[in-house]
$ cat run17.json   # JSON, C-alpha atoms and all ligand atoms
[["chain", "number", "residue", "atom", "x", "y", "z"],
["A", 169, "MET", "CA", 88.86, 126.62, 116.87],
["A", 170, "SER", "CA", 86.59, 128.66, 114.67],
["A", 171, "ASP", "CA", 88.24, 130.86, 112.08],
["A", 172, "PRO", "CA", 86.47, 131.59, 108.78],
["A", 173, "SER", "CA", 89.78, 132.88, 107.36],
["A", 174, "LEU", "CA", 90.91, 129.24, 107.23],
["A", 175, "PHE", "CA", 88.84, 129.05, 104.05],
["A", 176, "SER", "CA", 90.02, 132.37, 102.62],
["A", 177, "LEU", "CA", 91.82, 132.26, 99.29],
["A", 178, "HIS", "CA", 92.83, 135.93, 99.31],
["A", 179, "GLY", "CA", 96.34, 136.41, 97.98],
["A", 180, "LYS", "CA", 96.30, 133.02, 96.22],
["A", 181, "ARG", "CA", 96.48, 132.47, 92.46],
["A", 182, "ALA", "CA", 94.54, 129.50, 91.12],
["A", 183, "LEU", "CA", 94.87, 127.88, 87.69],
["A", 184, "ILE", "CA", 91.74, 125.97, 86.68],
["A", 185, "THR", "CA", 91.95, 123.81, 83.56],
["A", 186, "GLY", "CA", 88.92, 123.26, 81.34],
["A", 187, "ALA", "CA", 87.19, 126.28, 82.87],
["A", 188, "SER", "CA", 85.27, 127.61, 79.88],
["A", 189, "ARG", "CA", 82.09, 125.86, 81.04],
["A", 190, "GLY", "CA", 80.63, 123.23, 83.35],
["A", 191, "ILE", "CA", 82.34, 122.25, 86.57],
["A", 192, "GLY", "CA", 85.56, 124.15, 85.80],
["A", 193, "PHE", "CA", 83.67, 127.38, 85.22],
["A", 194, "THR", "CA", 81.68, 126.97, 88.43],
["A", 195, "LEU", "CA", 84.82, 126.23, 90.44],
["A", 196, "ALA", "CA", 86.41, 129.39, 88.98],
["A", 197, "GLN", "CA", 83.36, 131.33, 90.14],
["A", 198, "GLY", "CA", 83.53, 129.69, 93.57],
["A", 199, "LEU", "CA", 87.27, 130.05, 94.22],
["A", 200, "GLY", "CA", 87.07, 133.61, 92.89],
["A", 201, "SER", "CA", 84.31, 134.44, 95.34],
["A", 202, "PHE", "CA", 86.54, 133.17, 98.18],
["A", 203, "GLY", "CA", 89.20, 135.66, 97.09],
["A", 204, "ALA", "CA", 91.50, 133.73, 94.75],
["A", 205, "GLU", "CA", 92.92, 135.37, 91.67],
["A", 206, "ILE", "CA", 91.70, 133.10, 88.88],
["A", 207, "ILE", "CA", 93.48, 131.95, 85.75],
["A", 208, "LEU", "CA", 91.06, 130.18, 83.42],
["A", 209, "ASN", "CA", 92.35, 127.62, 80.98],
["A", 210, "GLY", "CA", 90.71, 126.10, 77.90],
["A", 211, "ARG", "CA", 91.60, 125.16, 74.33],
["A", 212, "ASN", "CA", 89.33, 127.64, 72.69],
["A", 213, "ALA", "CA", 90.03, 131.38, 73.02],
["A", 214, "ALA", "CA", 86.47, 132.41, 72.14],
["A", 215, "HIS", "CA", 84.95, 130.06, 74.76],
["A", 216, "LEU", "CA", 87.39, 131.39, 77.34],
["A", 217, "ASP", "CA", 86.64, 135.02, 76.49],
["A", 218, "SER", "CA", 82.93, 134.49, 76.98],
["A", 219, "ALA", "CA", 83.53, 132.67, 80.30],
["A", 220, "ARG", "CA", 85.79, 135.51, 81.45],
["A", 221, "ALA", "CA", 83.16, 138.09, 80.48],
["A", 222, "ARG", "CA", 80.52, 136.24, 82.54],
["A", 223, "LEU", "CA", 82.81, 136.20, 85.58],
["A", 224, "GLU", "CA", 83.81, 139.83, 85.05],
["A", 225, "ALA", "CA", 80.10, 140.76, 85.17],
["A", 226, "GLU", "CA", 79.99, 139.10, 88.62],
["A", 227, "GLY", "CA", 82.98, 141.15, 89.78],
["A", 228, "ILE", "CA", 85.48, 138.29, 89.41],
["A", 229, "ALA", "CA", 88.51, 139.46, 87.44],
["A", 230, "THR", "CA", 90.37, 136.68, 85.69],
["A", 231, "ARG", "CA", 93.25, 136.02, 83.37],
["A", 232, "GLY", "CA", 92.82, 133.62, 80.45],
["A", 233, "SER", "CA", 95.41, 131.07, 79.41],
["A", 234, "VAL", "CA", 94.70, 129.24, 76.17],
["A", 235, "PHE", "CA", 96.42, 125.89, 75.83],
["A", 236, "ASP", "CA", 95.52, 122.32, 75.05],
["A", 237, "VAL", "CA", 96.24, 120.31, 78.18],
["A", 238, "THR", "CA", 97.04, 117.23, 76.09],
["A", 239, "ASP", "CA", 100.01, 118.95, 74.44],
["A", 240, "GLN", "CA", 102.93, 118.94, 76.85],
["A", 241, "ASP", "CA", 104.82, 121.70, 75.01],
["A", 242, "GLN", "CA", 101.75, 123.96, 75.17],
["A", 243, "VAL", "CA", 101.32, 123.13, 78.86],
["A", 244, "LEU", "CA", 104.92, 124.02, 79.68],
["A", 245, "ALA", "CA", 104.74, 127.28, 77.72],
["A", 246, "GLY", "CA", 101.35, 128.16, 79.25],
["A", 247, "VAL", "CA", 102.47, 127.53, 82.82],
["A", 248, "GLU", "CA", 105.71, 129.43, 82.25],
["A", 249, "ALA", "CA", 103.79, 132.45, 80.91],
["A", 250, "ILE", "CA", 101.43, 132.42, 83.91],
["A", 251, "GLU", "CA", 104.32, 132.15, 86.38],
["A", 252, "LYS", "CA", 106.11, 135.11, 84.80],
["A", 253, "GLU", "CA", 103.29, 137.18, 86.31],
["A", 254, "GLY", "CA", 103.21, 135.41, 89.67],
["A", 255, "PRO", "CA", 103.15, 132.02, 91.37],
["A", 256, "ILE", "CA", 100.49, 129.37, 90.86],
["A", 257, "ASP", "CA", 99.41, 128.50, 94.42],
["A", 258, "ILE", "CA", 96.47, 126.29, 93.49],
["A", 259, "LEU", "CA", 95.89, 124.00, 90.53],
["A", 260, "ILE", "CA", 92.47, 122.55, 89.80],
["A", 261, "ASN", "CA", 93.17, 119.83, 87.26],
["A", 262, "ASN", "CA", 89.66, 119.68, 85.83],
["A", 263, "ALA", "CA", 89.71, 119.44, 82.00],
["A", 264, "GLY", "CA", 88.22, 116.13, 80.93],
["A", 265, "ILE", "CA", 86.14, 114.39, 78.31],
["A", 266, "GLN", "CA", 83.69, 111.50, 78.15],
["A", 267, "SER", "CA", 83.26, 108.94, 75.38],
["A", 268, "ARG", "CA", 80.67, 106.19, 75.06],
["A", 269, "ALA", "CA", 80.73, 103.19, 72.73],
["A", 270, "PRO", "CA", 80.27, 99.42, 73.08],
["A", 271, "LEU", "CA", 83.51, 98.16, 74.61],
["A", 272, "ASP", "CA", 84.09, 95.40, 72.06],
["A", 273, "GLN", "CA", 83.96, 98.03, 69.29],
["A", 274, "PHE", "CA", 85.57, 100.90, 71.20],
["A", 275, "PRO", "CA", 87.69, 102.77, 68.64],
["A", 276, "ARG", "CA", 91.42, 102.95, 69.28],
["A", 277, "ALA", "CA", 91.44, 106.69, 68.46],
["A", 278, "GLU", "CA", 88.81, 107.36, 71.16],
["A", 279, "TRP", "CA", 90.79, 105.29, 73.68],
["A", 280, "ASP", "CA", 93.88, 107.40, 72.94],
["A", 281, "ARG", "CA", 91.87, 110.65, 73.18],
["A", 282, "LEU", "CA", 90.50, 109.67, 76.59],
["A", 283, "ILE", "CA", 93.87, 108.62, 78.00],
["A", 284, "SER", "CA", 95.45, 111.74, 76.58],
["A", 285, "THR", "CA", 92.92, 114.20, 78.04],
["A", 286, "ASN", "CA", 91.84, 112.51, 81.26],
["A", 287, "LEU", "CA", 95.15, 111.01, 82.37],
["A", 288, "ASN", "CA", 98.23, 112.28, 80.50],
["A", 289, "ALA", "CA", 97.10, 115.89, 80.78],
["A", 290, "VAL", "CA", 96.56, 115.64, 84.54],
["A", 291, "PHE", "CA", 100.18, 114.57, 84.85],
["A", 292, "PHE", "CA", 101.50, 117.17, 82.35],
["A", 293, "VAL", "CA", 99.85, 120.13, 84.10],
["A", 294, "ALA", "CA", 100.60, 118.92, 87.64],
["A", 295, "GLN", "CA", 104.23, 118.23, 86.77],
["A", 296, "ALA", "CA", 104.68, 121.64, 85.13],
["A", 297, "VAL", "CA", 103.09, 123.43, 88.09],
["A", 298, "SER", "CA", 104.83, 121.29, 90.71],
["A", 299, "ARG", "CA", 108.27, 122.69, 89.90],
["A", 300, "GLY", "CA", 107.43, 126.21, 91.11],
["A", 301, "MET", "CA", 105.46, 124.79, 94.04],
["A", 302, "ILE", "CA", 108.39, 122.60, 95.12],
["A", 303, "ALA", "CA", 110.75, 125.59, 94.86],
["A", 304, "ARG", "CA", 108.38, 127.55, 97.12],
["A", 305, "GLN", "CA", 107.68, 124.48, 99.34],
["A", 306, "SER", "CA", 103.99, 125.21, 99.08],
["A", 307, "GLY", "CA", 101.06, 124.46, 96.79],
["A", 308, "LYS", "CA", 97.70, 122.76, 96.46],
["A", 309, "ILE", "CA", 96.67, 120.51, 93.61],
["A", 310, "VAL", "CA", 93.12, 119.22, 93.27],
["A", 311, "ASN", "CA", 92.66, 116.54, 90.62],
["A", 312, "ILE", "CA", 89.08, 116.09, 89.49],
["A", 313, "CYS", "CA", 88.31, 112.39, 89.76],
["A", 314, "SER", "CA", 84.82, 110.86, 89.52],
["A", 315, "VAL", "CA", 82.49, 108.33, 91.07],
["A", 316, "GLN", "CA", 83.89, 106.29, 88.20],
["A", 317, "SER", "CA", 87.19, 106.28, 90.10],
["A", 318, "GLU", "CA", 85.33, 103.81, 92.36],
["A", 319, "LEU", "CA", 82.47, 102.32, 90.35],
["A", 320, "ALA", "CA", 82.04, 100.92, 86.85],
["A", 321, "ARG", "CA", 78.93, 101.59, 84.75],
["A", 322, "PRO", "CA", 78.00, 100.05, 81.42],
["A", 323, "GLY", "CA", 79.33, 101.71, 78.28],
["A", 324, "ILE", "CA", 82.13, 103.79, 79.76],
["A", 325, "ALA", "CA", 84.90, 101.39, 80.76],
["A", 326, "PRO", "CA", 87.70, 103.43, 79.12],
["A", 327, "TYR", "CA", 86.55, 106.63, 80.91],
["A", 328, "THR", "CA", 86.33, 104.61, 84.13],
["A", 329, "ALA", "CA", 89.90, 103.41, 83.60],
["A", 330, "THR", "CA", 91.16, 106.99, 83.26],
["A", 331, "LYS", "CA", 89.39, 108.17, 86.40],
["A", 332, "GLY", "CA", 90.61, 105.17, 88.40],
["A", 333, "ALA", "CA", 94.11, 106.01, 87.27],
["A", 334, "VAL", "CA", 93.73, 109.68, 88.25],
["A", 335, "LYS", "CA", 92.72, 108.57, 91.73],
["A", 336, "MET", "CA", 95.94, 106.54, 92.11],
["A", 337, "LEU", "CA", 98.03, 109.24, 90.43],
["A", 338, "THR", "CA", 96.70, 111.65, 93.05],
["A", 339, "LYS", "CA", 97.80, 109.35, 95.87],
["A", 340, "GLY", "CA", 101.17, 108.86, 94.17],
["A", 341, "MET", "CA", 101.70, 112.62, 93.76],
["A", 342, "ALA", "CA", 100.89, 113.13, 97.44],
["A", 343, "THR", "CA", 103.32, 110.39, 98.39],
["A", 344, "ASP", "CA", 106.14, 111.99, 96.39],
["A", 345, "TRP", "CA", 105.44, 115.68, 96.89],
["A", 346, "ALA", "CA", 104.03, 116.04, 100.43],
["A", 347, "ARG", "CA", 107.59, 116.23, 101.78],
["A", 348, "HIS", "CA", 108.07, 119.32, 99.58],
["A", 349, "GLY", "CA", 105.14, 121.11, 101.19],
["A", 350, "LEU", "CA", 102.58, 120.25, 98.52],
["A", 351, "GLN", "CA", 99.09, 118.90, 99.05],
["A", 352, "ILE", "CA", 97.52, 116.85, 96.32],
["A", 353, "ASN", "CA", 93.97, 115.67, 96.73],
["A", 354, "GLY", "CA", 91.16, 114.44, 94.53],
["A", 355, "LEU", "CA", 87.61, 115.73, 94.24],
["A", 356, "ALA", "CA", 85.25, 113.08, 92.91],
["A", 357, "PRO", "CA", 81.90, 114.33, 91.62],
["A", 358, "GLY", "CA", 78.90, 112.06, 91.26],
["A", 359, "TYR", "CA", 76.48, 112.92, 88.46],
["A", 360, "PHE", "CA", 76.16, 116.62, 87.63],
["A", 361, "GLU", "CA", 74.04, 118.33, 85.00],
["A", 362, "THR", "CA", 76.74, 119.64, 82.67],
["A", 363, "GLU", "CA", 77.23, 119.56, 78.91],
["A", 364, "MET", "CA", 79.27, 116.37, 79.32],
["A", 365, "ASN", "CA", 76.12, 114.62, 80.60],
["A", 366, "ALA", "CA", 73.65, 116.28, 78.20],
["A", 367, "ALA", "CA", 72.54, 112.93, 76.72],
["A", 368, "LEU", "CA", 72.02, 111.38, 80.18],
["A", 369, "VAL", "CA", 70.14, 114.42, 81.48],
["A", 370, "ALA", "CA", 67.79, 114.12, 78.50],
["A", 371, "ASP", "CA", 67.21, 110.42, 79.16],
["A", 372, "PRO", "CA", 64.34, 109.93, 81.68],
["A", 373, "GLU", "CA", 65.29, 106.28, 82.17],
["A", 374, "PHE", "CA", 68.78, 107.25, 83.28],
["A", 375, "SER", "CA", 67.51, 109.99, 85.60],
["A", 376, "SER", "CA", 65.08, 107.55, 87.14],
["A", 377, "TRP", "CA", 67.89, 104.99, 87.70],
["A", 378, "LEU", "CA", 70.13, 107.71, 89.16],
["A", 379, "CYS", "CA", 67.50, 108.97, 91.58],
["A", 380, "LYS", "CA", 66.81, 105.42, 92.81],
["A", 381, "ARG", "CA", 70.50, 104.59, 93.10],
["A", 382, "THR", "CA", 71.62, 107.83, 94.82],
["A", 383, "PRO", "CA", 70.64, 108.23, 98.49],
["A", 384, "ALA", "CA", 70.11, 111.97, 97.91],
["A", 385, "ALA", "CA", 67.79, 110.95, 95.03],
["A", 386, "ARG", "CA", 68.80, 113.67, 92.56],
["A", 387, "TRP", "CA", 71.44, 115.05, 90.23],
["A", 388, "GLY", "CA", 74.12, 117.30, 91.70],
["A", 389, "LYS", "CA", 74.46, 120.99, 90.90],
["A", 390, "ALA", "CA", 77.96, 122.16, 90.00],
["A", 391, "SER", "CA", 77.75, 124.84, 92.70],
["A", 392, "GLU", "CA", 77.62, 121.98, 95.25],
["A", 393, "LEU", "CA", 81.25, 121.18, 94.42],
["A", 394, "VAL", "CA", 82.49, 124.61, 95.44],
["A", 395, "GLY", "CA", 82.65, 123.99, 99.21],
["A", 396, "ALA", "CA", 84.75, 120.87, 98.76],
["A", 397, "ALA", "CA", 87.05, 122.58, 96.26],
["A", 398, "VAL", "CA", 87.55, 125.60, 98.53],
["A", 399, "PHE", "CA", 88.28, 123.27, 101.47],
["A", 400, "LEU", "CA", 90.92, 121.36, 99.49],
["A", 401, "SER", "CA", 92.43, 124.63, 98.17],
["A", 402, "SER", "CA", 92.60, 126.47, 101.49],
["A", 403, "GLU", "CA", 94.38, 126.29, 104.84],
["A", 404, "ALA", "CA", 91.33, 124.45, 106.19],
["A", 405, "SER", "CA", 92.74, 121.25, 104.70],
["A", 406, "SER", "CA", 96.35, 121.82, 105.82],
["A", 407, "PHE", "CA", 96.96, 118.18, 106.90],
["A", 408, "VAL", "CA", 94.87, 116.49, 104.21],
["A", 409, "ASN", "CA", 96.95, 114.78, 101.55],
["A", 410, "GLY", "CA", 96.27, 112.04, 99.00],
["A", 411, "HIS", "CA", 92.58, 112.01, 99.90],
["A", 412, "ILE", "CA", 89.74, 111.56, 97.43],
["A", 413, "LEU", "CA", 86.71, 113.55, 98.54],
["A", 414, "MET", "CA", 83.49, 112.11, 97.11],
["A", 415, "VAL", "CA", 80.75, 114.66, 96.38],
["A", 416, "ASP", "CA", 78.09, 112.34, 95.07],
["A", 417, "GLY", "CA", 74.96, 112.51, 97.22],
["A", 418, "GLY", "CA", 75.97, 109.24, 98.86],
["A", 419, "LEU", "CA", 76.14, 107.23, 95.62],
["A", 420, "THR", "CA", 79.40, 105.44, 96.40],
["A", 421, "ALA", "CA", 78.45, 104.96, 100.05],
["A", 422, "SER", "CA", 75.54, 102.68, 99.22],
["A", 423, "VAL", "CA", 75.03, 99.39, 97.39],
["A", 501, "LIG", "P1", 82.29, 119.78, 80.24],
["A", 501, "LIG", "O1", 82.30, 118.96, 79.01],
["A", 501, "LIG", "O2", 81.06, 120.55, 80.57],
["A", 501, "LIG", "O3", 83.55, 120.79, 80.23],
["A", 501, "LIG", "C1", 84.81, 120.32, 79.93],
["A", 501, "LIG", "C2", 85.79, 121.47, 79.93],
["A", 501, "LIG", "O4", 87.09, 120.93, 79.62],
["A", 501, "LIG", "C3", 85.48, 122.51, 78.87],
["A", 501, "LIG", "O5", 85.75, 123.77, 79.44],
["A", 501, "LIG", "C4", 86.48, 122.21, 77.76],
["A", 501, "LIG", "O6", 86.86, 123.40, 77.11],
["A", 501, "LIG", "C5", 87.67, 121.69, 78.59],
["A", 501, "LIG", "N1", 88.59, 120.85, 77.82],
["A", 501, "LIG", "C6", 88.34, 119.65, 77.23],
["A", 501, "LIG", "N2", 89.44, 119.19, 76.63],
["A", 501, "LIG", "C7", 90.42, 120.10, 76.86],
["A", 501, "LIG", "C8", 91.77, 120.20, 76.47],
["A", 501, "LIG", "N3", 92.36, 119.24, 75.74],
["A", 501, "LIG", "N4", 92.50, 121.27, 76.87],
["A", 501, "LIG", "C9", 91.91, 122.24, 77.62],
["A", 501, "LIG", "N5", 90.62, 122.21, 78.00],
["A", 501, "LIG", "C10", 89.89, 121.16, 77.62],
["A", 501, "LIG", "O7", 82.67, 118.77, 81.42],
["A", 501, "LIG", "P2", 82.30, 118.81, 82.99],
["A", 501, "LIG", "O8", 82.35, 120.19, 83.49],
["A", 501, "LIG", "O9", 81.09, 117.99, 83.19],
["A", 501, "LIG", "O10", 83.52, 117.96, 83.57],
["A", 501, "LIG", "C11", 84.68, 118.56, 84.16],
["A", 501, "LIG", "C12", 85.49, 117.48, 84.83],
["A", 501, "LIG", "O11", 84.69, 116.83, 85.82],
["A", 501, "LIG", "C13", 85.98, 116.37, 83.89],
["A", 501, "LIG", "O12", 87.27, 115.95, 84.28],
["A", 501, "LIG", "C14", 84.98, 115.26, 84.13],
["A", 501, "LIG", "O13", 85.50, 113.99, 83.82],
["A", 501, "LIG", "C15", 84.73, 115.43, 85.61],
["A", 501, "LIG", "N6", 83.48, 114.85, 86.08],
["A", 501, "LIG", "C16", 82.28, 115.32, 85.64],
["A", 501, "LIG", "C17", 81.10, 114.77, 86.12],
["A", 501, "LIG", "C18", 79.77, 115.26, 85.72],
["A", 501, "LIG", "O14", 78.77, 114.69, 86.21],
["A", 501, "LIG", "N7", 79.64, 116.28, 84.87],
["A", 501, "LIG", "C19", 81.12, 113.65, 87.08],
["A", 501, "LIG", "C20", 82.44, 113.24, 87.48],
["A", 501, "LIG", "C21", 83.57, 113.83, 86.99],
["A", 501, "LIG", "P3", 86.75, 123.72, 75.54],
["A", 501, "LIG", "O15", 85.91, 122.63, 74.91],
["A", 501, "LIG", "O16", 86.14, 125.08, 75.50],
["A", 501, "LIG", "O17", 88.17, 123.72, 75.09]]
$ encode --input "run17.json" --output "structure tokens" --more "lines below"
Ligand code: NDP
Amino acid sequence: MSDPSLFSLHGKRALITGASRGIGFTLAQGLGSFGAEIILNGRNAAHLDSARARLEAEGIATRGSVFDVTDQDQVLAGVEAIEKEGPIDILINNAGIQSRAPLDQFPRAEWDRLISTNLNAVFFVAQAVSRGMIARQSGKIVNICSVQSELARPGIAPYTATKGAVKMLTKGMATDWARHGLQINGLAPGYFETEMNAALVADPEFSSWLCKRTPAARWGKASELVGAAVFLSSEASSFVNGHILMVDGGLTASV
């Protein structure tokens, strides 16, 4: 069977968290170009406005929804406001942060911030969105995981813990919600040149390690995540559930 409309997102509304820049912004651009109506989320109204203006200039009309994903009350109010205007068919649970410090000195406040943003928030937003999806017996949730869902690297054990947990939360959500017509999958990027990785991008030693370690021998470009995200958001993946799709240039495939 060959049907390009399998990948069409026309008529679908997609909420993308943490979409003011980086991977979230690029996924908004990508899903928008496949026809989805995009709702961009971020904490900062000015950042969101400038992201929306950039997309508008490319002919992608969006709605902005300012809320902090770590605050469950804000999440519930934000999702309710979006759903007053129409259903959320697709959720890309993308907002996330990184934090580096020697593990034996890792500050408690940073640990809490990581768990709050990278794990609690994934649950808060998915749970809020799931209620409408379950009522409609239809919906797609893509949780952004990481190669760190599979592999540990020095200096980032707490981040690694959050991404490992998101992987298993994704499988758990699929196990509970597939019977209600929902599909919940994970998209796990390798190393991409975004603001989150600014220090690593600027470090030639790290880039050299990465290129040796990755079979594709380079950093990823955020646009290279779009195909996987569209697949997991569209009819093309209609029987895929609880799967973690690695987009990492082969990094986790090799020793
Ligand atoms: P960036 O730091 O470039 O962007 C993060 C985005 O998240 C920003 O738009 C920021 O918005 C938003 N954000 C952060 N905290 C919150 C919050 N509490 N509420 C709402 N929005 C928030 O990160 P990336 O694009 O690199 O990463 C995106 C996701 O991909 C993360 O989950 C990350 O862990 C994951 N990932 C990234 C990889 C990479 O190589 N870059 C590799 C593997 C996974 P603002 O500050 O404007 O509020």
$ closest_residue --input "run17.json" --among "A:Pro372, A:Pro322, A:Pro172, A:Gly332" --to "ligand LIG 501 (chain A)" --atoms "only C-alpha atoms and all ligand atoms"
A:Gly332
$ residues_near_ligand --input "run17.json" --ligand "ligand LIG 501 (chain A)" --cutoff "6 Å" --atoms "only C-alpha atoms and all ligand atoms" --output "ChimeraX atom specification"
/A:185-192,210-212,215,236-238,262-265,285,312-314,357-365
$ residues_around --input "run17.json" --residues "Glu226 of chain A" --least-positions-apart "4" --cutoff "12 Å" --atoms "all atoms listed in the file" --output "PyMOL selection string"
chain A and resi 196-198+200-201+219-222+230
$ atom_distance --input "run17.json" --atom1 "atom CA of Tyr327 of chain A" --atom2 "atom CA of Asn286 of chain A"
7.9 Å
$ residues_around --input "run17.json" --residues "Ser401 of chain A" --least-positions-apart "6" --cutoff "9 Å" --atoms "only C-alpha atoms" --output "PDB file with C-alpha atoms, in the coordinates of the input"
ATOM      1  CA  PHE A 175      88.840 129.050 104.050  1.00  0.00           C
ATOM      2  CA  LEU A 177      91.820 132.260  99.290  1.00  0.00           C
ATOM      3  CA  ALA A 182      94.540 129.500  91.120  1.00  0.00           C
ATOM      4  CA  LEU A 199      87.270 130.050  94.220  1.00  0.00           C
ATOM      5  CA  ASP A 257      99.410 128.500  94.420  1.00  0.00           C
ATOM      6  CA  ILE A 258      96.470 126.290  93.490  1.00  0.00           C
ATOM      7  CA  LEU A 259      95.890 124.000  90.530  1.00  0.00           C
ATOM      8  CA  ILE A 260      92.470 122.550  89.800  1.00  0.00           C
ATOM      9  CA  GLY A 307     101.060 124.460  96.790  1.00  0.00           C
ATOM     10  CA  LYS A 308      97.700 122.760  96.460  1.00  0.00           C
ATOM     11  CA  ILE A 309      96.670 120.510  93.610  1.00  0.00           C
ATOM     12  CA  VAL A 310      93.120 119.220  93.270  1.00  0.00           C
ATOM     13  CA  GLN A 351      99.090 118.900  99.050  1.00  0.00           C
TER      14      GLN A 351
END
$ closest_residue --input "run17.json" --among "A:Val234, A:Ala342, A:Ala329, A:Leu271" --to "Ile250 of chain A" --atoms "all atoms listed in the file"
A:Val234
$ decode --input "run17.json" --residues "segment 190-206 of chain A" --atoms "N, CA and C atoms" --output "mmCIF file, in the first residue's frame"
data_model
loop_
_atom_site.group_PDB
_atom_site.id
_atom_site.type_symbol
_atom_site.label_atom_id
_atom_site.label_comp_id
_atom_site.auth_asym_id
_atom_site.auth_seq_id
_atom_site.Cartn_x
_atom_site.Cartn_y
_atom_site.Cartn_z
ATOM 1 N N GLY A 190 14.607 25.500 19.731
ATOM 2 C CA GLY A 190 15.188 24.156 19.714
ATOM 3 C C GLY A 190 14.304 23.119 19.040
ATOM 4 N N ILE A 191 14.309 21.932 19.623
ATOM 5 C CA ILE A 191 13.615 20.794 19.022
ATOM 6 C C ILE A 191 12.101 21.050 18.957
ATOM 7 N N GLY A 192 11.542 21.617 20.025
ATOM 8 C CA GLY A 192 10.094 21.886 20.042
ATOM 9 C C GLY A 192 9.683 22.809 18.916
ATOM 10 N N PHE A 193 10.469 23.852 18.706
ATOM 11 C CA PHE A 193 10.166 24.799 17.633
ATOM 12 C C PHE A 193 10.232 24.094 16.278
ATOM 13 N N THR A 194 11.260 23.302 16.083
ATOM 14 C CA THR A 194 11.422 22.622 14.779
ATOM 15 C C THR A 194 10.303 21.610 14.553
ATOM 16 N N LEU A 195 9.870 20.949 15.623
ATOM 17 C CA LEU A 195 8.759 19.992 15.455
ATOM 18 C C LEU A 195 7.460 20.739 15.141
ATOM 19 N N ALA A 196 7.299 21.935 15.706
ATOM 20 C CA ALA A 196 6.114 22.749 15.388
ATOM 21 C C ALA A 196 6.120 23.083 13.895
ATOM 22 N N GLN A 197 7.287 23.500 13.426
ATOM 23 C CA GLN A 197 7.470 23.819 12.002
ATOM 24 C C GLN A 197 7.131 22.585 11.145
ATOM 25 N N GLY A 198 7.654 21.444 11.572
ATOM 26 C CA GLY A 198 7.483 20.204 10.794
ATOM 27 C C GLY A 198 6.042 19.721 10.792
ATOM 28 N N LEU A 199 5.429 19.625 11.960
ATOM 29 C CA LEU A 199 4.038 19.147 12.016
ATOM 30 C C LEU A 199 3.117 20.146 11.309
ATOM 31 N N GLY A 200 3.450 21.443 11.447
ATOM 32 C CA GLY A 200 2.657 22.467 10.744
ATOM 33 C C GLY A 200 2.745 22.285 9.240
ATOM 34 N N SER A 201 3.935 21.950 8.752
ATOM 35 C CA SER A 201 4.084 21.807 7.300
ATOM 36 C C SER A 201 3.392 20.541 6.782
ATOM 37 N N PHE A 202 3.093 19.598 7.684
ATOM 38 C CA PHE A 202 2.298 18.421 7.286
ATOM 39 C C PHE A 202 0.809 18.648 7.540
ATOM 40 N N GLY A 203 0.437 19.884 7.861
ATOM 41 C CA GLY A 203 -0.985 20.249 7.885
ATOM 42 C C GLY A 203 -1.611 20.409 9.255
ATOM 43 N N ALA A 204 -0.865 20.108 10.330
ATOM 44 C CA ALA A 204 -1.490 20.217 11.661
ATOM 45 C C ALA A 204 -1.672 21.682 12.050
ATOM 46 N N GLU A 205 -2.722 21.919 12.807
ATOM 47 C CA GLU A 205 -2.910 23.226 13.435
ATOM 48 C C GLU A 205 -2.081 23.185 14.723
ATOM 49 N N ILE A 206 -1.188 24.162 14.881
ATOM 50 C CA ILE A 206 -0.189 24.063 15.955
ATOM 51 C C ILE A 206 -0.506 24.986 17.130
#
